[in-house]
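Novice: Would you mind keeping the following structure in view while I ask a few things?
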Amino acid sequence: MAEHESLEFGKADFVLLDNVSLEEFMANLKLRFEKGRIYTYIGEVVVSVNPYRAMNIYGRDTIEQYKGRELYERPPHLFAIADAAYKAMKRRNKDTCIVISGESGAGKTEASKYIMQYIAAITNPSQRAEVERVKNMLLKSNCVLEAFGNAKTNRNDNSSRFGKYMDINFDFKGDPIGGHINNYLLEKSRVIFQQEGERSFHSFYQLVKGAPDAQLRSLHIQRDPTAYTYIKVGGQIKSSINDSADFKAVTDAMKVIGFTTEEIQTVYKILATILHLGNLKFGSDGDVTLIENSKLVSVLGDLLSTKDENVEKALLYRTVATGRDVIDKQHTHQEASYGRDALAKAIYERLFCWIVGRINDIIEVKNYDARVHGKNTVIGVLDIYGFEIFQNNSFEQFCINYCNEKLQQLFIQLVLKQEQEEYEREGIPWKHIDYFNNQIIVDLVEQQHKGIFAVLDEACMNVGKVTDEMFLQALNGKLAKHAHYTSRKLSPTDKNLEFDRDFLHSLYSVVGFIDKNKDTLFQDFKRLLYNSSNPVLKAMWPEGKLRITEVTKRPLTAATLFKNSMISLVENLASKEPYYVRCIKPNDVKSPLLFEHERCKHQVEYLGLLENVRVRRAGFANRQLYPRFLQRYKMISEFTWPNHDLPSDKEAVKRLLQGCGFEHDVAYGKTKVFIRTPRTIFSLEEQRAEMVKRIVLFLQKVWRGTLARKRYRRMRAAHIIIRAYRRYKVKSYIREVNRRFKNVRGMKDHGKHVKWPTPPKVLRKFEDALRNIYNRWWAWTLIKDLSPEQLVQIRAKVATLECLKGQRADLGLQRAWEGNYLVSKKDSPGTASSFTLVSSDLQRKDKFMRVLFSCNVRKINRFNKAEDRALLITDRHLYKMDPVKQYKPMKSIPLYNVTGVSISPGKDQLVVFHTKDNRDLIVCLQGMVPAGDSRIGELVGTLLSHFKSEKRKLQVNTISPIHCSMNGRKCTVVVETKINQSQPDFTKSRSGFILSVPGN
């Protein structure tokens, strides 16, 4: 039962038809053809309908689908039958053969190619060079044999005009190790004549159209096929064949197979010789026969590597031995023409047989010893002629159709025999089948003394001139009472038959039977070719070495040779396990859409396909091995799913079928279950399809759950790893920090030079906090031993740094801050004592606790004039003093009235004190020692530190120009640099004031 095809494509096996009738058979065949299903089974026989189009069903992926599968497990295909033959050969060590039969144009040659392609693809697992070589040879040989043995006919563009049987030898491992090709009855008459619309063999057109110009010149050949009498009919026919491309492919294939350059050149010389022979014309001069175009004689001599005079003599004379005397008898015009044509046919036939023999020399198994290498086995592939009936059927067609009758008889015998043997082997009673036994037709042709071949041979052996009409009379005398023979003489009313010409087993004309059967070629030609200096040509004609007077046995006739080869072929096939491909041609116009009912019906009847179905259906439509049956249907029964615990597979199958209610429709053999009707198989398939859906859903559920659990475990493991890794990184970081900072207390700089390790991402904030802790500790270690005065100074410097970092260049952080500079003898060398007395009086009067800052300044008075003053800032007041008048206090500003301080971003010492009453104080610090010192940072830091201690806020602005208020009026203070300026000083401007500072 072929799987995976729904009933919309019809029945994949004809055995499963509801009613076995020709009408149902044809309807199923037509439906499958129209649906693009060109293959259908009859049990283990493949019925193939030529699709007349390329189909994408032969690729590597398709090969993999059929490899190692049973026939019924996949849709019908050539690959299935090829695989079955290969498995039988490999598993059971048994020789097998695949017999491909059908009409010309039914697709037999293509089928044999696909079978070869499949066998080549599934072997050679180890990629050994020798196996590859053999496979390549076998495939390439097809290309060469088609070129020299196939031709375009009215029914087929690539019709095999010879029979071919190829044996492929395999070693004990199942790898191809060689092969052998047998060829049968080449239709050599096609060399000299073709029916209208047909061509000669492909090789001639390939040479004329595809050979390089230089090669054609060396062969004296023109590129126009119509220039040559033998092939000019074909030269005018257009077809799908690309002769020039095929020429290259065939030449390359011959090189790959192993033909030498000389051998290939000889092959084309022989083809050219035949073309030139066809153009030879004979004339008469009285009683003397002449060659009219004698230039061709020298061309023939050159191509055949022999003397021109010898060629001319062989064409015009025949050497006859009478006793001891040898005489040259001149040909008549008719005899010369006959001899020329006979030579052309014989040369081509010898060439073809030599090519087959040469291929066999290369591909045959060599040095194989069964004792060492194991028994080798064989798969045979038979691609034989198509059975054909033309308007005019000649001797070759008679032989071809006899061959098909012989093979049909073998097919019927072997199918019946196989069925009977299987039933007996399995212990199932056999029911006799009625069928048409065409042994009577075979006997009509080949029977000793009475058959048509025997009568034909007898006519050929008679002394004197024997005509085809005399042969027909002999047939009428011998076979008058045979049920399957008639002629016009025996059936005077049958007007389809001509008097003295036609006889009927089918409709054949006796014209040419005698000459073709005798197959006479004058010995002179054989001697001529044997004496050629070309060794390849010489080897083709070994009988040419006989002396003229040497007497030999009468050679066997063509009919006898063919009959013997057919008997030998049938014996060979009968010794093997056969598989069949039956090819059907759907129409005569090569259309991929047209299915001609009557045309196909005739082929189905002739091929005996309906009888084949009946034989297969005689008792049981289907049979399967118990393990295979269980493997396919075990899910139907609870007793067999997923595995059974019964004593044997046979018992399990019984239990399954009983559970389904089919025990009345089956029989149990020793190794197989036999199912009687297709309905049971369909029912089993339906139940299986239903269960498969449920199983698939169940498997999907289980598998998805499994995948989810696997993903969860993987994620959980990843989380555990990540967590552990993070802990490891955290611990590593902390350990490393501990290691590096372990001894910082004893270090001179308390670890300031120690480089911090790079923290993991998760600890970056922690590192910032840790650094802050370290920095605070480091700062604490620096300040813990400082005096209260030093601490005050440190706090002031920190306040300066926090407020002004990055806003002014020099903050004075590197020097000691004295604060009360007017007490210093450096700033006021002569007046320091005066300032001390005044400050002491102020302290008693205003009760301030300490002096924050004092310095000489340049200020702007209320009249907008600049003057020198001293500035004293205590923890309660800001005092302006006159240094000229012994630091007499001029005016004080309560410190709580100061709201902010503005300074410029340059190096100048400009300070603006902002007050609540908008009476801002504008000063420039001066008199510093050293002169370039800056005290702005110290002033700002001291004020900020003090305000912070009193929990008050002081606004500090670093800006230029500085906006302020003088006596309630808005103004702006701008700093300018002047080169000639010696000391900073204020000048009035339109918008306020300008502080000019030295440029250097």
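Just remember, in the structure tokens the first chain shown is A, the second B, etc., residues are 1-based per chain, and ligands are 1-based in the order shown.
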Skip segment 922-939 of chain A itself and residues of its chain fewer than 4 positions away, then list as JSON, numbers by chain all residues within 6 Å of it, counting only C-alpha atoms.

Specialist: {"A": [800, 811, 856, 857, 858, 859, 909, 910, 911, 912]}

Novice: Mind checking which residues fall within 10 Å of Asn572 of chain A, counting only C-alpha atoms, ignoring those fewer than 5 positions away in the same chain, and posting them as a PyMOL selection string?

Specialist: chain A and resi 97+380+566-567

Novice: Name the residues of segment 245-300 of chain A that come out as alpha helix (DSSP H) in a backbone DSSP run; write them as a count of residues only.

Specialist: 37

Novice: Excluding segment 258-263 of chain A and its own-chain neighbours fewer than 3 positions away, which residues fall within 8 Å of it when counting only C-alpha atoms? Please give them as a PyMOL selection string.

Specialist: chain A and resi 254-255+266-267+358+362+536

Novice: Would you save the residues from that selection as a PDB file, in the first residue's frame, using N, CA and C atoms?

Specialist:
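Result went into out-v5.pdb, see below:
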```
ATOM      1  N   MET A 254      33.439   9.182 -24.240  1.00  0.00           N
ATOM      2  CA  MET A 254      34.368   8.142 -24.719  1.00  0.00           C
ATOM      3  C   MET A 254      35.745   8.308 -24.092  1.00  0.00           C
ATOM      4  N   LYS A 255      36.166   9.560 -23.927  1.00  0.00           N
ATOM      5  CA  LYS A 255      37.469   9.794 -23.277  1.00  0.00           C
ATOM      6  C   LYS A 255      37.445   9.339 -21.826  1.00  0.00           C
ATOM      7  N   THR A 266      39.198   6.857 -35.243  1.00  0.00           N
ATOM      8  CA  THR A 266      38.780   5.771 -36.133  1.00  0.00           C
ATOM      9  C   THR A 266      37.262   5.664 -36.183  1.00  0.00           C
ATOM     10  N   VAL A 267      36.601   5.831 -35.037  1.00  0.00           N
ATOM     11  CA  VAL A 267      35.138   5.771 -34.992  1.00  0.00           C
ATOM     12  C   VAL A 267      34.546   6.794 -35.961  1.00  0.00           C
ATOM     13  N   ARG A 358      34.389  -2.762 -26.507  1.00  0.00           N
ATOM     14  CA  ARG A 358      35.435  -1.901 -25.914  1.00  0.00           C
ATOM     15  C   ARG A 358      34.998  -1.410 -24.532  1.00  0.00           C
ATOM     16  N   ILE A 362      36.575  -2.414 -20.566  1.00  0.00           N
ATOM     17  CA  ILE A 362      36.956  -1.453 -19.528  1.00  0.00           C
ATOM     18  C   ILE A 362      36.173  -1.682 -18.238  1.00  0.00           C
ATOM     19  N   VAL A 536      42.735  -0.618 -35.354  1.00  0.00           N
ATOM     20  CA  VAL A 536      41.386  -0.711 -34.786  1.00  0.00           C
ATOM     21  C   VAL A 536      40.436  -1.307 -35.813  1.00  0.00           C
TER      22      VAL A 536
END
```

Novice: Near Ala84 of chain A, within 10 Å and counting only C-alpha atoms, which residues show up once chain neighbours fewer than 2 positions away are dropped, as a list in words?

Specialist: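 Listing them by chain and then by number gives Glu44, Tyr66, Lys67, Gly68, Arg69, Glu70, Leu71, Leu78, Phe79, Ala80, Ile81, Ala82, Tyr86, Lys87, Ala88, Met89, Lys90, Thr96 and Tyr579 of chain A.
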
Novice: Selection from above, all heavy atoms, as a compact mmCIF listing (two decimals), in the first residue's frame, can you write it?

Specialist:
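Result file is selection_36.txt:
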```txt
# COMPACT_ATOMS: atom_id res chain seq x y z
N GLU A 44 4.31 -5.57 -7.14
CA GLU A 44 5.72 -5.17 -7.20
C GLU A 44 6.15 -4.83 -8.63
O GLU A 44 7.33 -4.79 -8.94
CB GLU A 44 6.60 -6.29 -6.64
CG GLU A 44 6.37 -6.50 -5.14
CD GLU A 44 7.21 -7.62 -4.58
OE1 GLU A 44 7.85 -8.32 -5.37
OE2 GLU A 44 7.22 -7.78 -3.35
N TYR A 66 13.59 7.22 -0.75
CA TYR A 66 13.33 5.83 -1.13
C TYR A 66 14.41 4.87 -0.65
O TYR A 66 14.21 3.66 -0.69
CB TYR A 66 13.16 5.72 -2.65
CG TYR A 66 11.82 6.23 -3.10
CD1 TYR A 66 11.63 7.58 -3.38
CD2 TYR A 66 10.72 5.39 -3.21
CE1 TYR A 66 10.40 8.07 -3.77
CE2 TYR A 66 9.48 5.87 -3.60
CZ TYR A 66 9.33 7.20 -3.87
OH TYR A 66 8.10 7.68 -4.25
N LYS A 67 15.51 5.40 -0.21
CA LYS A 67 16.64 4.56 0.18
C LYS A 67 16.28 3.70 1.39
O LYS A 67 15.94 4.22 2.45
CB LYS A 67 17.85 5.45 0.50
CG LYS A 67 19.13 4.70 0.71
CD LYS A 67 20.27 5.69 0.90
CE LYS A 67 21.58 4.99 1.18
NZ LYS A 67 22.67 5.95 1.38
N GLY A 68 16.32 2.37 1.22
CA GLY A 68 16.09 1.45 2.33
C GLY A 68 14.64 1.29 2.74
O GLY A 68 14.34 0.62 3.72
N ARG A 69 13.69 1.88 1.98
CA ARG A 69 12.26 1.79 2.34
C ARG A 69 11.60 0.64 1.59
O ARG A 69 12.04 0.22 0.51
CB ARG A 69 11.54 3.10 2.01
CG ARG A 69 12.14 4.33 2.63
CD ARG A 69 11.97 4.37 4.12
NE ARG A 69 10.61 4.69 4.51
CZ ARG A 69 10.17 5.93 4.71
NH1 ARG A 69 10.99 6.95 4.57
NH2 ARG A 69 8.92 6.15 5.07
N GLU A 70 10.50 0.13 2.16
CA GLU A 70 9.72 -0.89 1.47
C GLU A 70 8.88 -0.24 0.38
O GLU A 70 8.58 0.96 0.44
CB GLU A 70 8.81 -1.62 2.47
CG GLU A 70 9.55 -2.41 3.54
CD GLU A 70 10.39 -3.54 2.97
OE1 GLU A 70 10.00 -4.12 1.94
OE2 GLU A 70 11.46 -3.84 3.54
N LEU A 71 8.45 -1.08 -0.59
CA LEU A 71 7.70 -0.55 -1.74
C LEU A 71 6.48 0.25 -1.30
O LEU A 71 6.21 1.33 -1.82
CB LEU A 71 7.25 -1.71 -2.64
CG LEU A 71 8.25 -2.21 -3.69
CD1 LEU A 71 7.70 -3.42 -4.39
CD2 LEU A 71 8.57 -1.13 -4.70
N LEU A 78 10.08 4.69 -9.79
CA LEU A 78 11.15 3.81 -10.30
C LEU A 78 12.20 3.54 -9.22
O LEU A 78 12.76 2.44 -9.15
CB LEU A 78 11.84 4.47 -11.51
CG LEU A 78 11.12 4.40 -12.85
CD1 LEU A 78 11.88 5.23 -13.87
CD2 LEU A 78 10.99 2.96 -13.32
N PHE A 79 12.47 4.55 -8.40
CA PHE A 79 13.49 4.39 -7.35
C PHE A 79 13.10 3.28 -6.38
O PHE A 79 13.96 2.60 -5.82
CB PHE A 79 13.68 5.70 -6.59
CG PHE A 79 14.34 6.79 -7.39
CD1 PHE A 79 14.38 8.10 -6.92
CD2 PHE A 79 14.92 6.52 -8.62
CE1 PHE A 79 15.00 9.10 -7.65
CE2 PHE A 79 15.53 7.53 -9.37
CZ PHE A 79 15.57 8.82 -8.88
N ALA A 80 11.79 3.09 -6.16
CA ALA A 80 11.33 2.06 -5.22
C ALA A 80 11.68 0.67 -5.77
O ALA A 80 12.14 -0.20 -5.02
CB ALA A 80 9.84 2.20 -4.99
N ILE A 81 11.44 0.46 -7.07
CA ILE A 81 11.72 -0.86 -7.66
C ILE A 81 13.23 -1.09 -7.72
O ILE A 81 13.71 -2.20 -7.51
CB ILE A 81 11.05 -0.98 -9.05
CG1 ILE A 81 10.70 -2.44 -9.36
CG2 ILE A 81 11.90 -0.43 -10.16
CD1 ILE A 81 9.44 -2.91 -8.72
N ALA A 82 13.99 -0.02 -8.00
CA ALA A 82 15.45 -0.14 -8.03
C ALA A 82 15.98 -0.48 -6.63
O ALA A 82 16.87 -1.32 -6.47
CB ALA A 82 16.08 1.17 -8.53
N TYR A 86 17.93 -3.85 -5.38
CA TYR A 86 19.24 -3.73 -4.71
C TYR A 86 19.22 -4.41 -3.35
O TYR A 86 20.16 -5.12 -2.98
CB TYR A 86 19.60 -2.25 -4.57
CG TYR A 86 20.94 -2.02 -3.91
CD1 TYR A 86 22.11 -2.27 -4.61
CD2 TYR A 86 21.02 -1.58 -2.60
CE1 TYR A 86 23.35 -2.06 -4.00
CE2 TYR A 86 22.25 -1.37 -1.99
CZ TYR A 86 23.41 -1.62 -2.69
OH TYR A 86 24.63 -1.44 -2.10
N LYS A 87 18.12 -4.22 -2.60
CA LYS A 87 18.02 -4.84 -1.27
C LYS A 87 17.99 -6.36 -1.39
O LYS A 87 18.64 -7.07 -0.61
CB LYS A 87 16.76 -4.35 -0.56
CG LYS A 87 16.95 -3.03 0.14
CD LYS A 87 15.75 -2.68 0.99
CE LYS A 87 14.49 -2.66 0.19
NZ LYS A 87 13.38 -1.97 0.80
N ALA A 88 17.21 -6.89 -2.36
CA ALA A 88 17.14 -8.34 -2.55
C ALA A 88 18.51 -8.90 -2.88
O ALA A 88 18.92 -9.95 -2.38
CB ALA A 88 16.15 -8.67 -3.67
N MET A 89 19.24 -8.15 -3.73
CA MET A 89 20.59 -8.58 -4.10
C MET A 89 21.52 -8.55 -2.90
O MET A 89 22.27 -9.51 -2.64
CB MET A 89 21.10 -7.67 -5.22
CG MET A 89 22.50 -7.95 -5.72
SD MET A 89 23.82 -7.15 -4.77
CE MET A 89 23.46 -5.45 -5.07
N LYS A 90 21.44 -7.49 -2.11
CA LYS A 90 22.39 -7.31 -1.01
C LYS A 90 22.04 -8.17 0.21
O LYS A 90 22.90 -8.79 0.81
CB LYS A 90 22.42 -5.83 -0.62
CG LYS A 90 23.57 -5.47 0.31
CD LYS A 90 23.66 -3.97 0.52
CE LYS A 90 24.81 -3.63 1.47
NZ LYS A 90 24.91 -2.19 1.71
N THR A 96 19.50 -10.34 -9.25
CA THR A 96 18.20 -9.78 -9.60
C THR A 96 18.27 -9.15 -10.98
O THR A 96 19.37 -8.93 -11.52
CB THR A 96 17.75 -8.71 -8.59
OG1 THR A 96 18.72 -7.65 -8.58
CG2 THR A 96 17.62 -9.27 -7.19
N TYR A 579 12.24 -8.04 -11.51
CA TYR A 579 11.39 -6.89 -11.18
C TYR A 579 11.03 -6.24 -12.51
O TYR A 579 11.83 -6.28 -13.47
CB TYR A 579 12.13 -5.90 -10.28
CG TYR A 579 12.41 -6.46 -8.90
CD1 TYR A 579 13.52 -7.26 -8.68
CD2 TYR A 579 11.55 -6.21 -7.85
CE1 TYR A 579 13.77 -7.80 -7.43
CE2 TYR A 579 11.78 -6.74 -6.59
CZ TYR A 579 12.90 -7.54 -6.38
OH TYR A 579 13.14 -8.07 -5.14
```

Novice: Would you list the contacts of Arg617 of chain A as an MDAnalysis selection string, taking every protein, DNA or RNA residue within 9 Å and counting only C-alpha atoms, but skipping same-chain residues closer than 6 positions in sequence?

Specialist: chainID A and resid 15:16 20 676:677

Novice: Kindly save the residues from that selection, with N, CA and C atoms included, as a PDB file, in the first residue's frame.

Specialist:
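Generated file (out-v3.pdb):
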```pdb
ATOM      1  N   VAL A  15      -3.858  -3.167  -7.767  1.00  0.00           N
ATOM      2  CA  VAL A  15      -4.387  -4.311  -7.027  1.00  0.00           C
ATOM      3  C   VAL A  15      -5.531  -3.881  -6.107  1.00  0.00           C
ATOM      4  N   LEU A  16      -5.537  -2.602  -5.711  1.00  0.00           N
ATOM      5  CA  LEU A  16      -6.524  -2.103  -4.763  1.00  0.00           C
ATOM      6  C   LEU A  16      -7.787  -1.565  -5.429  1.00  0.00           C
ATOM      7  N   VAL A  20     -11.960  -5.363 -10.590  1.00  0.00           N
ATOM      8  CA  VAL A  20     -10.885  -5.536 -11.565  1.00  0.00           C
ATOM      9  C   VAL A  20     -11.513  -5.656 -12.945  1.00  0.00           C
ATOM     10  N   ARG A 676      -7.279 -10.283   1.882  1.00  0.00           N
ATOM     11  CA  ARG A 676      -8.010 -10.649   0.668  1.00  0.00           C
ATOM     12  C   ARG A 676      -8.473  -9.426  -0.129  1.00  0.00           C
ATOM     13  N   THR A 677      -9.188  -8.498   0.482  1.00  0.00           N
ATOM     14  CA  THR A 677      -9.822  -7.415  -0.287  1.00  0.00           C
ATOM     15  C   THR A 677      -9.172  -6.066   0.002  1.00  0.00           C
TER      16      THR A 677
END
```

Novice: Can you list, as a list in words, all residues belonging to segment 596-662 of chain A that DSSP tags as strand (DSSP E)?

Specialist: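 Put together, the selection reads Asn622, Arg623, Gln624 and Leu625 of chain A.
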
Novice: Produce a file of the selected residues containing N, CA and C atoms, as a PDB file, in the first residue's frame.

Specialist:
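Output saved as selection.pdb:
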```pdb
ATOM      1  N   ASN A 622      -3.152  -8.212  -0.944  1.00  0.00           N
ATOM      2  CA  ASN A 622      -1.967  -7.641  -0.306  1.00  0.00           C
ATOM      3  C   ASN A 622      -1.384  -8.648   0.660  1.00  0.00           C
ATOM      4  N   ARG A 623      -0.055  -8.653   0.744  1.00  0.00           N
ATOM      5  CA  ARG A 623       0.611  -9.498   1.741  1.00  0.00           C
ATOM      6  C   ARG A 623       1.817  -8.749   2.284  1.00  0.00           C
ATOM      7  N   GLN A 624       2.028  -8.880   3.588  1.00  0.00           N
ATOM      8  CA  GLN A 624       3.137  -8.173   4.233  1.00  0.00           C
ATOM      9  C   GLN A 624       3.748  -9.059   5.297  1.00  0.00           C
ATOM     10  N   LEU A 625       5.035  -8.895   5.493  1.00  0.00           N
ATOM     11  CA  LEU A 625       5.717  -9.599   6.577  1.00  0.00           C
ATOM     12  C   LEU A 625       5.137  -9.148   7.909  1.00  0.00           C
TER      13      LEU A 625
END
```

Novice: Please identify all polymer residues within 10 Å of segment 820-834 of chain A, counting only C-alpha atoms, omitting same-chain residues fewer than 2 positions from it, and present them as an NGL selection string.

Specialist: :A and (817-818 or 836-839 or 850-856 or 870-874 or 883-888 or 926-931)

Novice: Using N, CA, C and O atoms, can you write the selected residues to a file as a compact mmCIF listing (two decimals), in the first residue's frame?

Specialist:
```
# COMPACT_ATOMS: atom_id res chain seq x y z
N TRP A 817 47.81 79.57 55.07
CA TRP A 817 46.92 80.74 55.10
C TRP A 817 47.06 81.41 56.50
O TRP A 817 46.75 80.79 57.53
N GLU A 818 47.53 82.68 56.44
CA GLU A 818 47.74 83.40 57.72
C GLU A 818 46.47 84.12 58.17
O GLU A 818 46.25 84.36 59.36
N THR A 836 47.55 96.39 65.36
CA THR A 836 47.30 95.48 66.48
C THR A 836 46.55 96.20 67.59
O THR A 836 45.61 95.66 68.18
N LEU A 837 46.95 97.45 67.92
CA LEU A 837 46.29 98.22 68.97
C LEU A 837 44.85 98.52 68.60
O LEU A 837 43.93 98.37 69.42
N VAL A 838 44.64 98.89 67.33
CA VAL A 838 43.28 99.23 66.88
C VAL A 838 42.39 98.00 66.94
O VAL A 838 41.24 98.06 67.39
N SER A 839 42.87 96.86 66.47
CA SER A 839 42.07 95.63 66.44
C SER A 839 41.72 95.18 67.85
O SER A 839 40.63 94.65 68.10
N ARG A 850 37.23 86.33 67.00
CA ARG A 850 38.49 86.16 66.26
C ARG A 850 38.45 86.90 64.95
O ARG A 850 37.39 87.23 64.43
N VAL A 851 39.64 87.17 64.48
CA VAL A 851 39.81 87.83 63.18
C VAL A 851 39.81 86.75 62.11
O VAL A 851 40.56 85.78 62.16
N LEU A 852 38.96 86.94 61.13
CA LEU A 852 38.92 85.97 60.03
C LEU A 852 39.94 86.31 58.94
O LEU A 852 40.64 85.44 58.43
N PHE A 853 40.02 87.60 58.58
CA PHE A 853 40.89 87.98 57.45
C PHE A 853 41.16 89.46 57.54
O PHE A 853 40.30 90.25 57.93
N SER A 854 42.40 89.86 57.20
CA SER A 854 42.74 91.29 57.10
C SER A 854 43.73 91.47 55.99
O SER A 854 44.56 90.58 55.74
N CYS A 855 43.60 92.59 55.26
CA CYS A 855 44.49 92.81 54.10
C CYS A 855 44.34 94.25 53.64
O CYS A 855 43.32 94.89 53.84
N ASN A 856 45.43 94.79 53.04
CA ASN A 856 45.35 96.11 52.40
C ASN A 856 44.54 95.96 51.11
O ASN A 856 44.71 94.98 50.37
N ALA A 870 42.31 99.53 54.42
CA ALA A 870 42.62 98.21 54.98
C ALA A 870 41.29 97.55 55.29
O ALA A 870 40.33 98.21 55.71
N LEU A 871 41.24 96.25 55.10
CA LEU A 871 40.01 95.49 55.29
C LEU A 871 40.23 94.51 56.43
O LEU A 871 41.20 93.75 56.43
N LEU A 872 39.32 94.56 57.43
CA LEU A 872 39.40 93.65 58.55
C LEU A 872 38.05 92.95 58.65
O LEU A 872 37.00 93.58 58.78
N ILE A 873 38.11 91.63 58.60
CA ILE A 873 36.88 90.83 58.69
C ILE A 873 36.99 89.98 59.94
O ILE A 873 37.95 89.19 60.10
N THR A 874 36.03 90.17 60.85
CA THR A 874 35.99 89.36 62.07
C THR A 874 34.77 88.46 61.98
O THR A 874 34.04 88.45 60.97
N PRO A 883 44.73 103.13 56.44
CA PRO A 883 46.10 102.80 56.86
C PRO A 883 46.94 104.05 57.05
O PRO A 883 47.92 104.03 57.79
N VAL A 884 46.55 105.17 56.40
CA VAL A 884 47.33 106.41 56.51
C VAL A 884 47.16 106.99 57.91
O VAL A 884 48.06 107.59 58.49
N LYS A 885 45.98 106.84 58.50
CA LYS A 885 45.66 107.43 59.80
C LYS A 885 45.70 106.34 60.88
O LYS A 885 44.77 106.16 61.66
N GLN A 886 46.75 105.58 60.90
CA GLN A 886 47.00 104.60 61.95
C GLN A 886 45.85 103.60 62.06
O GLN A 886 45.45 103.18 63.14
N TYR A 887 45.31 103.20 60.83
CA TYR A 887 44.25 102.20 60.74
C TYR A 887 42.99 102.59 61.50
O TYR A 887 42.34 101.79 62.16
N LYS A 888 42.72 103.90 61.37
CA LYS A 888 41.50 104.42 62.01
C LYS A 888 40.29 103.74 61.35
O LYS A 888 40.18 103.74 60.14
N GLN A 926 45.47 94.18 47.76
CA GLN A 926 46.79 94.61 47.27
C GLN A 926 47.80 94.56 48.40
O GLN A 926 47.47 94.27 49.54
N GLY A 927 49.03 94.83 48.08
CA GLY A 927 50.11 94.86 49.06
C GLY A 927 50.57 93.47 49.48
O GLY A 927 51.17 93.29 50.54
N MET A 928 50.29 92.45 48.63
CA MET A 928 50.69 91.10 48.98
C MET A 928 52.18 90.91 48.87
O MET A 928 52.84 91.50 48.02
N VAL A 929 52.70 90.09 49.78
CA VAL A 929 54.11 89.71 49.74
C VAL A 929 54.15 88.17 49.73
O VAL A 929 53.65 87.54 50.68
N PRO A 930 54.69 87.56 48.66
CA PRO A 930 55.22 88.19 47.45
C PRO A 930 54.12 88.84 46.60
O PRO A 930 52.96 88.52 46.75
N ALA A 931 54.55 89.70 45.70
CA ALA A 931 53.62 90.56 44.98
C ALA A 931 52.63 89.76 44.11
O ALA A 931 51.49 90.16 43.93
```

Novice: What gap, in Å, lies between atom CA of Thr319 of chain A and atom CA of Glu543 of chain A?

Specialist: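 Between these atoms lies a distance of 15.6 Å.
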
Novice: Tell me, as a PyMOL selection string, which residues lie within 12 Å of Val653 of chain A, counting only C-alpha atoms; anything in the same chain fewer than 6 positions away does not count.

Specialist: chain A and resi 624-637+639-641+643-647+659-660+662-663+666-669+671-675

Novice: Quick one: distance from atom CA of Val288 of chain A to atom CA of Lys313 of chain A in Å, one decimal?

Specialist: 12.8 Å

Novice: Between A:Leu697, A:Ser189, A:Val378, A:Ile962, which is the closest to Asp515 of chain A once you count only C-alpha atoms?

Specialist: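 Looking at the shortest contact to Asp515 of chain A, the residue is A:Ser189.
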
Novice: Atom CA of Lys805 of chain A to atom CA of Pro905 of chain A: how many Å, to one decimal?

Specialist: 11.0 Å

Novice: Using only C-alpha atoms for the distances, tell me which of A:Leu791, A:Asn310, A:Leu31, A:Gln334 is nearest to Phe282 of chain A.

Specialist: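 Of the candidates, the smallest distance to Phe282 of chain A is held by A:Gln334.
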
Novice: Point out the residue among A:Thr273, A:Ser575, A:Ser337, A:Ser305 with the least atom-to-atom distance to Asp95 of chain A, counting only C-alpha atoms.

Specialist: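 The answer is A:Ser575, which sits nearest to Asp95 of chain A.
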
Novice: Give the answer as one residue: which of A:Lys701, A:Lys563, A:His719, A:Arg217 has the shortest atom-to-atom distance to Lys406 of chain A, using only C-alpha atoms?

Specialist: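 That would be A:Lys563, the residue with the smallest distance to Lys406 of chain A.
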